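Inspection log for the structure reproduced underneath, given as structure tokens.
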Amino acid sequence: MDKVRYAIVGAGWISQEAFMPSVAQTDTAEMTAIVTGNSDVAAKLAEFYGIEHTCGYDGYDALLASDLIDAVYIALPNSMHADFAIRAMNAGKHAMVEKPLAITAAECEAMIAAANANNVYMMTAYRLHCEATTIELLERIRAGEIGEAKHFSSVFGFQTPETNHRLGREHWGGPLQDIGIYCLNAARNIFEDEPIEAQAVRVHGNGDKRFSEVEGSIAVTLRFPRDRLAQFTVSFEIGDIDSFHVLGSEGVIEVEKSYDFRTTPEISIVKGGKKQRLPVQDSDQFGGQLAYFTDCILTNTPPSSDGGEGMADVIAMHAIEKAAETGQAQPISAPAPDKRPGTDNKRIIPRTDRRLVF
């Protein structure tokens with residue numbers, strides 16, 4: 001196999017804006033099918049990208065039974081991830097699944113079991129695990145450049161339109177699941193540990209009709225082993241902000257543009273009264289994660305951002321939700337993943353302006 005053939009499952013904004021344009025930037029992946037409920041959009045995307053096969057969701061199983069694809073990229077609402085991923089893996093196809101991996105730990109476990117039973121790979125789409133500047137940050141922290149990392153703090157937010165499906169409880173929507181997962185995952189990998197306790201407070205926008213089913217903002221405190229803390233606030237009702245700080249025993253790391261795929265993180269180290277800006281390697285983040293997962297498939301190497309990594313975040317988010325509902329601290333018990341992202345994950349893929357977005 002020279003190239004891995006992907007089906008795009010869910011042709012919404014993130015597929016159109018980010019994933020589909022990145023495929024041609026790699027040398028080892030190609031798109032051979034689109035699965036979506038909008039046949040008009042599918043036809044136009046297929047023509048634009050030269051994709052021969054399209055089908056609705058009712059044709060998904062027939063596609064999986066064919067020899068037209070080797071893997072799927074699943075960018076559906078959260079509540080649909082498990083079903084579509086398990087069906088793909090039971091048909092012998094590899095699966096890259098957008099985050100959060102699923103809506104319950106039980107679903108995550110079923111997905112992991114399906115991958116193992118069918119000898120295929122499943123990767124949770126943590127694109128920053130393959131982003132060069134983020135990997136550089138993690139390696140410097142691991143090398144002790146700011147001493148021991150003691151505290152993580154982050155704010156991530158923007159104004160969300162009322163038409164966004166992430167404002168619905170049906171699909172386990174909300175700012176925690178949509179963007180808080182970035183902060184949570186960053187803290188877990190910076191500390192190289194799992195949180196053991198969660199506290200949280202949420203608000204619903206002071207009558208804003210967008211937040212009748214999910215919170216508008218949520219503030220979270222996580223306790224980690226060895227008396228380390230992570231705190232973050234995420235919001236669908238504020239102006240754009242996207243940053244985090246890592247406070248160490250000997251210095252501080254400041255990160256701006258930390259999570260948005262359209263930009264490259266800007267990282268500075270403050271130590272001994274001096275501030276040093278790290279060099280930047282710009283890259284298409286979706287192309288990077290695609291190249292990494294494709295390499296895993298071609299070389300028969302399990303991805304580090306696997307089902308266990310995705311499940312750890314799902315377990316922690318449910319504890320955070322319960323803490324917000326009850327007003328009481330909640331214990332977290334999640335197994336640590338087998339591997340953390342490192343230099344083997346890093347891929348540099350050029351950006352492109354060629355895309356079709358509806």
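All residue names refer to the structure tokens as shown: chains lettered A, B, ... in order, residues numbered from 1 in each chain, ligands numbered from 1 in order.
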Next item on the list: Would you list, as an MDAnalysis selection string, the residues of stretch 30-199 of chain A that end up in alpha helix (DSSP H) under DSSP run on this structure's backbone?
Entry: chainID A and resid 39:49 60:65 81:90 105:117 132:142 175 181:191
Which residues of stretch 307-341 of chain A sit at most 7 Å from stretch 181-195 of chain A, using only C-alpha atoms? Give each one's shortest atom pair and distance in Å (one decimal place), in chain and ascending residue order, as a Markdown table.
| residue | atom | partner | partner_atom | distance |
| --- | --- | --- | --- | --- |
| A:Asp313 | CA | A:Asn185 | CA | 6.7 |
| A:Ile332 | CA | A:Pro195 | CA | 6.4 |
| A:Ala334 | CA | A:Glu194 | CA | 7.0 |
| A:Ala336 | CA | A:Glu194 | CA | 6.3 |
| A:Arg340 | CA | A:Asn189 | CA | 6.7 |
Written selection (N, CA and C atoms) as an mmCIF file, in the first residue's frame:
data_model
loop_
_atom_site.group_PDB
_atom_site.id
_atom_site.type_symbol
_atom_site.label_atom_id
_atom_site.label_comp_id
_atom_site.auth_asym_id
_atom_site.auth_seq_id
_atom_site.Cartn_x
_atom_site.Cartn_y
_atom_site.Cartn_z
ATOM 1 N N ASP A 313 -9.787 11.868 28.698
ATOM 2 C CA ASP A 313 -10.427 13.183 28.699
ATOM 3 C C ASP A 313 -11.932 13.079 28.929
ATOM 4 N N ILE A 332 -11.572 11.886 40.309
ATOM 5 C CA ILE A 332 -11.368 11.420 38.936
ATOM 6 C C ILE A 332 -10.460 10.207 38.993
ATOM 7 N N ALA A 334 -8.941 7.792 36.126
ATOM 8 C CA ALA A 334 -8.779 7.374 34.735
ATOM 9 C C ALA A 334 -7.399 6.766 34.564
ATOM 10 N N ALA A 336 -3.852 6.019 33.020
ATOM 11 C CA ALA A 336 -2.951 6.807 32.184
ATOM 12 C C ALA A 336 -2.779 6.124 30.837
ATOM 13 N N ARG A 340 2.704 9.182 25.618
ATOM 14 C CA ARG A 340 2.438 10.619 25.521
ATOM 15 C C ARG A 340 2.999 11.138 24.203
#
Margin query: Give me, as a count of residues only, all polymer residues having an atom no more than 9 Å from A:Asp27, counting only C-alpha atoms and skipping those fewer than 3 positions away in the same chain.
Written below: 5
Next item on the list: Could you check which of A:Glu321, A:His204, A:Ser212, A:Lys150 is closest to A:Arg226, using only C-alpha atoms?
Entry: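 Smallest distance to A:Arg226 is found for A:Lys150.
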Next item on the list: Fewer than 4 positions away in the same chain doesn't count, so skip those; otherwise give me all residues within 10 Å of A:Phe19, counting only C-alpha atoms, as a list in words.
Entry: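 Residues near the query, excluding close chain neighbours: Ile8, Ala11, Trp13, Ile14, Ser15, Val23, Ala24, Tyr73, Ala75, Asp284, Gln285, Phe286, Gly287, Gln289, Leu290 and Arg355 of chain A.
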Generate a file of the selected residues that holds N, CA and C atoms, formatted as a PDB file, in the first residue's frame.
ATOM      1  N   ILE A   8     -14.397  10.589   4.116  1.00  0.00           N
ATOM      2  CA  ILE A   8     -14.761  11.691   5.001  1.00  0.00           C
ATOM      3  C   ILE A   8     -16.181  11.428   5.472  1.00  0.00           C
ATOM      4  N   ALA A  11     -19.451  15.877   6.367  1.00  0.00           N
ATOM      5  CA  ALA A  11     -18.802  16.887   5.529  1.00  0.00           C
ATOM      6  C   ALA A  11     -19.202  18.290   5.952  1.00  0.00           C
ATOM      7  N   TRP A  13     -18.424  21.870   8.529  1.00  0.00           N
ATOM      8  CA  TRP A  13     -17.457  22.966   8.435  1.00  0.00           C
ATOM      9  C   TRP A  13     -16.035  22.512   8.685  1.00  0.00           C
ATOM     10  N   ILE A  14     -15.789  21.724   9.718  1.00  0.00           N
ATOM     11  CA  ILE A  14     -14.404  21.367  10.050  1.00  0.00           C
ATOM     12  C   ILE A  14     -13.793  20.500   8.958  1.00  0.00           C
ATOM     13  N   SER A  15     -14.593  19.628   8.353  1.00  0.00           N
ATOM     14  CA  SER A  15     -14.083  18.832   7.231  1.00  0.00           C
ATOM     15  C   SER A  15     -13.759  19.728   6.044  1.00  0.00           C
ATOM     16  N   VAL A  23      -5.468  17.088   2.890  1.00  0.00           N
ATOM     17  CA  VAL A  23      -5.136  15.750   2.390  1.00  0.00           C
ATOM     18  C   VAL A  23      -4.145  15.819   1.238  1.00  0.00           C
ATOM     19  N   ALA A  24      -4.371  16.721   0.294  1.00  0.00           N
ATOM     20  CA  ALA A  24      -3.478  16.835  -0.858  1.00  0.00           C
ATOM     21  C   ALA A  24      -2.088  17.330  -0.480  1.00  0.00           C
ATOM     22  N   TYR A  73     -12.321   9.197   8.409  1.00  0.00           N
ATOM     23  CA  TYR A  73     -12.175  10.365   9.272  1.00  0.00           C
ATOM     24  C   TYR A  73     -13.573  10.759   9.701  1.00  0.00           C
ATOM     25  N   ALA A  75     -16.119  13.126  11.526  1.00  0.00           N
ATOM     26  CA  ALA A  75     -16.323  14.492  12.011  1.00  0.00           C
ATOM     27  C   ALA A  75     -17.812  14.755  12.166  1.00  0.00           C
ATOM     28  N   ASP A 284       0.498  23.009   8.653  1.00  0.00           N
ATOM     29  CA  ASP A 284      -0.925  22.684   8.606  1.00  0.00           C
ATOM     30  C   ASP A 284      -1.182  21.610   9.659  1.00  0.00           C
ATOM     31  N   GLN A 285      -1.904  21.968  10.722  1.00  0.00           N
ATOM     32  CA  GLN A 285      -2.067  21.044  11.839  1.00  0.00           C
ATOM     33  C   GLN A 285      -2.904  19.833  11.477  1.00  0.00           C
ATOM     34  N   PHE A 286      -3.915  20.010  10.651  1.00  0.00           N
ATOM     35  CA  PHE A 286      -4.718  18.863  10.223  1.00  0.00           C
ATOM     36  C   PHE A 286      -3.908  17.965   9.294  1.00  0.00           C
ATOM     37  N   GLY A 287      -3.096  18.567   8.445  1.00  0.00           N
ATOM     38  CA  GLY A 287      -2.222  17.776   7.605  1.00  0.00           C
ATOM     39  C   GLY A 287      -1.202  17.010   8.417  1.00  0.00           C
ATOM     40  N   GLN A 289      -1.515  15.848  11.583  1.00  0.00           N
ATOM     41  CA  GLN A 289      -2.089  14.676  12.242  1.00  0.00           C
ATOM     42  C   GLN A 289      -2.464  13.597  11.233  1.00  0.00           C
ATOM     43  N   LEU A 290      -2.914  14.011  10.034  1.00  0.00           N
ATOM     44  CA  LEU A 290      -3.233  13.041   9.001  1.00  0.00           C
ATOM     45  C   LEU A 290      -1.982  12.301   8.548  1.00  0.00           C
ATOM     46  N   ARG A 355      -9.467  25.438  -0.903  1.00  0.00           N
ATOM     47  CA  ARG A 355     -10.541  24.799  -0.149  1.00  0.00           C
ATOM     48  C   ARG A 355     -11.885  25.244  -0.698  1.00  0.00           C
TER      49      ARG A 355
END
Give me, as a Markdown table, the closest atom pair and its distance (Å, one decimal) for every residue of stretch 32-86 of chain A within a cut-off of 12 Å of stretch 305-308 of chain A, counting only C-alpha atoms, rows sorted by chain and rising number.
| residue | atom | partner | partner_atom | distance |
| --- | --- | --- | --- | --- |
| A:Ala82 | CA | A:Gly307 | CA | 11.1 |
| A:Ala85 | CA | A:Gly307 | CA | 11.2 |
| A:Ile86 | CA | A:Gly307 | CA | 12.0 |
Can you tell me, as a PDB file with N, CA and C atoms, in the first residue's frame, what residues are no more than 9 Å from stretch 132-142 of chain A when counting only C-alpha atoms, ignoring any on the same chain fewer than 4 positions away?
ATOM      1  N   LEU A 128      -2.815  18.855  17.829  1.00  0.00           N
ATOM      2  CA  LEU A 128      -1.664  19.522  18.441  1.00  0.00           C
ATOM      3  C   LEU A 128      -0.609  18.540  18.911  1.00  0.00           C
ATOM      4  N   ILE A 146      11.930  24.923  33.003  1.00  0.00           N
ATOM      5  CA  ILE A 146      11.344  25.838  33.987  1.00  0.00           C
ATOM      6  C   ILE A 146      11.241  25.154  35.357  1.00  0.00           C
ATOM      7  N   GLY A 147      12.104  24.187  35.596  1.00  0.00           N
ATOM      8  CA  GLY A 147      12.022  23.409  36.832  1.00  0.00           C
ATOM      9  C   GLY A 147      10.849  22.448  36.763  1.00  0.00           C
ATOM     10  N   GLU A 148      10.186  22.238  37.881  1.00  0.00           N
ATOM     11  CA  GLU A 148       9.008  21.372  37.889  1.00  0.00           C
ATOM     12  C   GLU A 148       7.770  22.187  37.533  1.00  0.00           C
ATOM     13  N   ALA A 149       7.009  21.699  36.574  1.00  0.00           N
ATOM     14  CA  ALA A 149       5.749  22.363  36.226  1.00  0.00           C
ATOM     15  C   ALA A 149       4.769  22.203  37.381  1.00  0.00           C
ATOM     16  N   ASN A 189      -0.963  16.448  29.455  1.00  0.00           N
ATOM     17  CA  ASN A 189       0.297  16.108  28.798  1.00  0.00           C
ATOM     18  C   ASN A 189       1.458  16.968  29.265  1.00  0.00           C
ATOM     19  N   ILE A 190       1.188  18.179  29.709  1.00  0.00           N
ATOM     20  CA  ILE A 190       2.241  18.995  30.308  1.00  0.00           C
ATOM     21  C   ILE A 190       2.692  18.394  31.639  1.00  0.00           C
ATOM     22  N   PHE A 191       1.744  17.970  32.468  1.00  0.00           N
ATOM     23  CA  PHE A 191       2.089  17.347  33.749  1.00  0.00           C
ATOM     24  C   PHE A 191       2.489  15.881  33.600  1.00  0.00           C
ATOM     25  N   GLU A 192       2.206  15.291  32.443  1.00  0.00           N
ATOM     26  CA  GLU A 192       2.438  13.860  32.206  1.00  0.00           C
ATOM     27  C   GLU A 192       1.808  13.028  33.328  1.00  0.00           C
ATOM     28  N   GLY A 248       6.346  27.132  36.462  1.00  0.00           N
ATOM     29  CA  GLY A 248       7.266  26.147  36.996  1.00  0.00           C
ATOM     30  C   GLY A 248       8.017  26.664  38.208  1.00  0.00           C
ATOM     31  N   ILE A 253       6.252  29.538  31.276  1.00  0.00           N
ATOM     32  CA  ILE A 253       6.054  29.465  29.829  1.00  0.00           C
ATOM     33  C   ILE A 253       4.730  30.128  29.482  1.00  0.00           C
ATOM     34  N   SER A 258      -2.767  29.381  21.190  1.00  0.00           N
ATOM     35  CA  SER A 258      -2.348  28.052  21.629  1.00  0.00           C
ATOM     36  C   SER A 258      -3.137  26.905  21.047  1.00  0.00           C
ATOM     37  N   THR A 264      -0.277  29.449  14.371  1.00  0.00           N
ATOM     38  CA  THR A 264       0.797  28.663  14.981  1.00  0.00           C
ATOM     39  C   THR A 264       1.044  29.192  16.387  1.00  0.00           C
ATOM     40  N   PRO A 265       1.154  28.315  17.384  1.00  0.00           N
ATOM     41  CA  PRO A 265       1.385  28.791  18.749  1.00  0.00           C
ATOM     42  C   PRO A 265       2.613  29.692  18.857  1.00  0.00           C
ATOM     43  N   GLU A 266       2.490  30.723  19.692  1.00  0.00           N
ATOM     44  CA  GLU A 266       3.601  31.629  19.977  1.00  0.00           C
ATOM     45  C   GLU A 266       4.031  31.380  21.420  1.00  0.00           C
ATOM     46  N   ILE A 267       5.246  30.900  21.615  1.00  0.00           N
ATOM     47  CA  ILE A 267       5.704  30.429  22.924  1.00  0.00           C
ATOM     48  C   ILE A 267       6.886  31.262  23.398  1.00  0.00           C
ATOM     49  N   LEU A 278      10.474  31.452  21.530  1.00  0.00           N
ATOM     50  CA  LEU A 278      10.929  30.270  20.821  1.00  0.00           C
ATOM     51  C   LEU A 278      10.709  30.403  19.319  1.00  0.00           C
ATOM     52  N   PRO A 279      11.594  29.836  18.518  1.00  0.00           N
ATOM     53  CA  PRO A 279      11.378  29.854  17.071  1.00  0.00           C
ATOM     54  C   PRO A 279      10.147  29.033  16.703  1.00  0.00           C
ATOM     55  N   VAL A 280       9.524  29.418  15.594  1.00  0.00           N
ATOM     56  CA  VAL A 280       8.263  28.805  15.183  1.00  0.00           C
ATOM     57  C   VAL A 280       8.457  28.012  13.899  1.00  0.00           C
ATOM     58  N   GLN A 281       7.874  26.813  13.855  1.00  0.00           N
ATOM     59  CA  GLN A 281       7.801  26.038  12.619  1.00  0.00           C
ATOM     60  C   GLN A 281       6.328  25.960  12.218  1.00  0.00           C
ATOM     61  N   ASP A 282       5.940  26.766  11.252  1.00  0.00           N
ATOM     62  CA  ASP A 282       4.544  26.800  10.846  1.00  0.00           C
ATOM     63  C   ASP A 282       4.191  25.528  10.083  1.00  0.00           C
ATOM     64  N   SER A 283       2.964  25.040  10.305  1.00  0.00           N
ATOM     65  CA  SER A 283       2.542  23.805   9.656  1.00  0.00           C
ATOM     66  C   SER A 283       1.026  23.730   9.631  1.00  0.00           C
ATOM     67  N   PRO A 341       2.454  12.238  23.667  1.00  0.00           N
ATOM     68  CA  PRO A 341       3.010  12.772  22.423  1.00  0.00           C
ATOM     69  C   PRO A 341       4.450  13.219  22.581  1.00  0.00           C
ATOM     70  N   GLY A 342       5.270  12.934  21.572  1.00  0.00           N
ATOM     71  CA  GLY A 342       6.676  13.297  21.599  1.00  0.00           C
ATOM     72  C   GLY A 342       7.183  13.587  20.206  1.00  0.00           C
ATOM     73  N   THR A 343       8.482  13.608  20.054  1.00  0.00           N
ATOM     74  CA  THR A 343       9.077  14.013  18.771  1.00  0.00           C
ATOM     75  C   THR A 343       8.699  13.073  17.633  1.00  0.00           C
ATOM     76  N   ASN A 345       5.857  12.114  16.934  1.00  0.00           N
ATOM     77  CA  ASN A 345       4.563  12.572  16.403  1.00  0.00           C
ATOM     78  C   ASN A 345       4.707  13.714  15.407  1.00  0.00           C
ATOM     79  N   LYS A 346       5.784  14.459  15.507  1.00  0.00           N
ATOM     80  CA  LYS A 346       5.899  15.743  14.795  1.00  0.00           C
ATOM     81  C   LYS A 346       5.900  15.546  13.282  1.00  0.00           C
ATOM     82  N   ARG A 347       5.057  16.324  12.606  1.00  0.00           N
ATOM     83  CA  ARG A 347       5.019  16.342  11.151  1.00  0.00           C
ATOM     84  C   ARG A 347       4.884  17.802  10.692  1.00  0.00           C
ATOM     85  N   ILE A 348       5.672  18.197   9.705  1.00  0.00           N
ATOM     86  CA  ILE A 348       5.606  19.546   9.147  1.00  0.00           C
ATOM     87  C   ILE A 348       4.964  19.447   7.765  1.00  0.00           C
TER      88      ILE A 348
END
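Computed from the coordinates, the atom CA of A:His151 to atom CA of A:Val255 distance equals 13.8 Å.
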Margin query: I need the residues of stretch 32-268 of chain A that end up classed as strand (DSSP E or B) by DSSP on the backbone, written out as an NGL selection string.
Written below: :A and (32-35 or 53-55 or 71-74 or 94-97 or 122-124 or 145 or 147 or 149-159 or 197-203 or 217-224 or 228-235 or 237-248 or 252-256 or 266-268)
Next item on the list: Tell me, as JSON, numbers by chain, which residues lie within 10 Å of A:Ala115, counting only C-alpha atoms; anything in the same chain fewer than 5 positions away does not count.
Entry: {"A": [85, 86, 88, 89, 90, 92, 93, 94, 95, 109, 110, 120, 121, 122, 123, 306, 307]}
Margin query: Can you tell me which residues surround stretch 52-65 of chain A at a distance of at most 10 Å, considering only C-alpha atoms, apart from same-chain residues fewer than 4 positions away, and format the answer as a count of residues only?
Written below: 30
Notebook entry, point to check: For the atom pair atom CA of A:Trp172 and atom CA of A:Ser22, what is the interatomic distance in Å to one decimal place?
Noted result: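 Atom CA of A:Ser22 lies 27.5 Å from atom CA of A:Trp172.
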Checklist line | Nearest candidate to A:Ile241 (options A:Lys257, A:Lys99, A:Lys271, A:His165; using only C-alpha atoms) | finding: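 Among the listed residues, the smallest separation from A:Ile241 belongs to A:Lys257.
Interatomic distance, atom CA of A:Ala113 against atom CA of A:Leu68: 24.4 Å.
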Item checked: Pick from A:Gln330, A:Thr163, A:Asp2, A:Ala198, whichever lies nearest to A:Phe224 using only C-alpha atoms -> A:Ala198
Item checked: Nearest to A:Ile103 by atom-to-atom distance, counting only C-alpha atoms, from A:His171, A:Arg166, A:His129, A:Arg277 -> A:His171
